[in-house]
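A short write-up of the structure that comes next.
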Amino acid sequence: MIDLKAINKTLGRKLILSNVSLSVRPGEIVGIAGPVGAGKSTLLNICNGLISPDSGFVTIINLPMQTNQQQILQHINYASSSQRLSGYATVMENLATYALLYEVPDAKIRLASFFEHFGVPAGLLHKKIYRLSSGENSLVNLAKALLNNPNVLLLDEITAHMDPILTARVHKFLKKRNTAEFVTMLVSQNTKELQSFCSRLIVLSHGRIVYNGKPLSPARIKTYYA
């Protein structure tokens with residue numbers, strides 16, 4: 001589903017990613033850990049096509065990103081806790097716009113079901129984006145990313161501002177969704193989340209992969225930070 005080979009990326013004079021190679025198999029939930037500046041978000045943005053690597057090869061759903069980006073974008077999506085949609089439009093107006101872009105049928109029914117699952121009042125759909133709490137904003141961004149039912153879901157600190165109950169519901173929802181047709185890649189500074197939610201863990205330090213294997217305890221994860 002995701003295959004990166006010898007990825008290198010420099011921004012300005014700073015080396016962000018150095019010779020990064022990894023593969024993500026169908027059905028996996030892969031966590032990305034590492035200290036601030038390790039290259040975690042850059043890695044996600046290379047996977048979603050927002051950033052091009054200086055060298056190396058990106059293959060998503062068995063298609064080379066360099067020559068098939070538009071086709072790939074139909075099957076992937078991205079959400080971050082730091083995203084903000086159009087602030088003076090309502091949640092529903094924003095999501096309806098993305099539903100049109102993604103050519104999603106019955107978007108209102110799908111969104112109502114999504115928010116009902118998380119115990120969010122229906123009134124949230126009519127709330128303006130700038131009035132959302134940080135946790136509500138993250139949930140709306142996740143809803144946007146799930147509109148096209150992507151095979152590859154890329155999440156950057158998506159639960160960072162959510163309370164424990166909402167975070168648990170998000171984990172349960174994503175685990176149930178993540179069948180053999182899908183993969184999820186999650187960047188998080190919450191090492192407990194990475195241990196309990198993910199099926200595999202990758203640790204980045206100074207732009208390099210220093211661990212790639214089974215989830216580790218928070219204390220073990222921190223030993224790879226340098």
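Identifiers in this document derive from the order of the structure tokens: chains are assigned A, B, ..., residues are numbered from 1 separately in each chain, and ligands are numbered from 1 in order of occurrence.
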Practice item. Assign secondary structure with DSSP using the backbone only, and return the residues of region 122-182 of chain A in strand (DSSP E or B) as an MDAnalysis selection string. Key: chainID A and resid 128 152:156
Between region 87-180 of chain A and region 190-214 of chain A, at 12 Å or less, what are the per-residue closest atom pairs and their distances in Å? Count only C-alpha atoms, order by chain and rising residue number, and return it as JSON lines.
{"residue": "A:Asp156", "atom": "CA", "partner": "A:Asn190", "partner_atom": "CA", "distance": 11.4}
{"residue": "A:Glu157", "atom": "CA", "partner": "A:Asn190", "partner_atom": "CA", "distance": 8.4}
{"residue": "A:Ile158", "atom": "CA", "partner": "A:Asn190", "partner_atom": "CA", "distance": 10.7}
{"residue": "A:Thr159", "atom": "CA", "partner": "A:Asn190", "partner_atom": "CA", "distance": 9.0}
{"residue": "A:Ala160", "atom": "CA", "partner": "A:Asn190", "partner_atom": "CA", "distance": 7.8}
{"residue": "A:His161", "atom": "CA", "partner": "A:Asn190", "partner_atom": "CA", "distance": 11.2}
{"residue": "A:Met162", "atom": "CA", "partner": "A:Asn190", "partner_atom": "CA", "distance": 11.9}
{"residue": "A:Pro164", "atom": "CA", "partner": "A:Glu193", "partner_atom": "CA", "distance": 10.6}
{"residue": "A:Thr167", "atom": "CA", "partner": "A:Glu193", "partner_atom": "CA", "distance": 9.2}
{"residue": "A:Ala168", "atom": "CA", "partner": "A:Phe197", "partner_atom": "CA", "distance": 9.4}
{"residue": "A:Arg169", "atom": "CA", "partner": "A:Phe197", "partner_atom": "CA", "distance": 11.5}
{"residue": "A:Val170", "atom": "CA", "partner": "A:Phe197", "partner_atom": "CA", "distance": 10.1}
{"residue": "A:His171", "atom": "CA", "partner": "A:Phe197", "partner_atom": "CA", "distance": 6.6}
{"residue": "A:Lys172", "atom": "CA", "partner": "A:Phe197", "partner_atom": "CA", "distance": 8.8}
{"residue": "A:Phe173", "atom": "CA", "partner": "A:Phe197", "partner_atom": "CA", "distance": 11.2}
{"residue": "A:Leu174", "atom": "CA", "partner": "A:Phe197", "partner_atom": "CA", "distance": 9.3}
{"residue": "A:Lys175", "atom": "CA", "partner": "A:Phe197", "partner_atom": "CA", "distance": 7.9}
{"residue": "A:Lys176", "atom": "CA", "partner": "A:Phe197", "partner_atom": "CA", "distance": 11.6}
{"residue": "A:Asn178", "atom": "CA", "partner": "A:Ser199", "partner_atom": "CA", "distance": 10.9}
Review point. If you count only C-alpha atoms, which residues fall within 7 Å of Leu17 (chain A), apart from same-chain ones fewer than 4 positions away, as a PyMOL selection string?
Key: chain A and resi 7-10+39+207-208
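Proximity to Ser138 (chain A) was assessed for A:Ser82, A:Asn19, A:Pro218, A:Gly37 counting only C-alpha atoms; the smallest distance is recorded for A:Ser82.
If only C-alpha atoms are the atoms counted, then among A:Leu154, A:Thr42, A:Ala122, A:Ala180 the closest residue to Ile109 (chain A) is A:Ala122.
Minimum distance to Phe115 (chain A) across A:Leu85, A:Ile46, A:Leu73, A:Val91 (counting only C-alpha atoms) occurs at A:Val91.
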Check your understanding: Tell me, which residues of region 38-186 of chain A carry DSSP alpha helix (DSSP H), written as number ranges by chain?
Key -> A: 40-47, 65-73, 91-102, 107-117, 134-146, 164-177
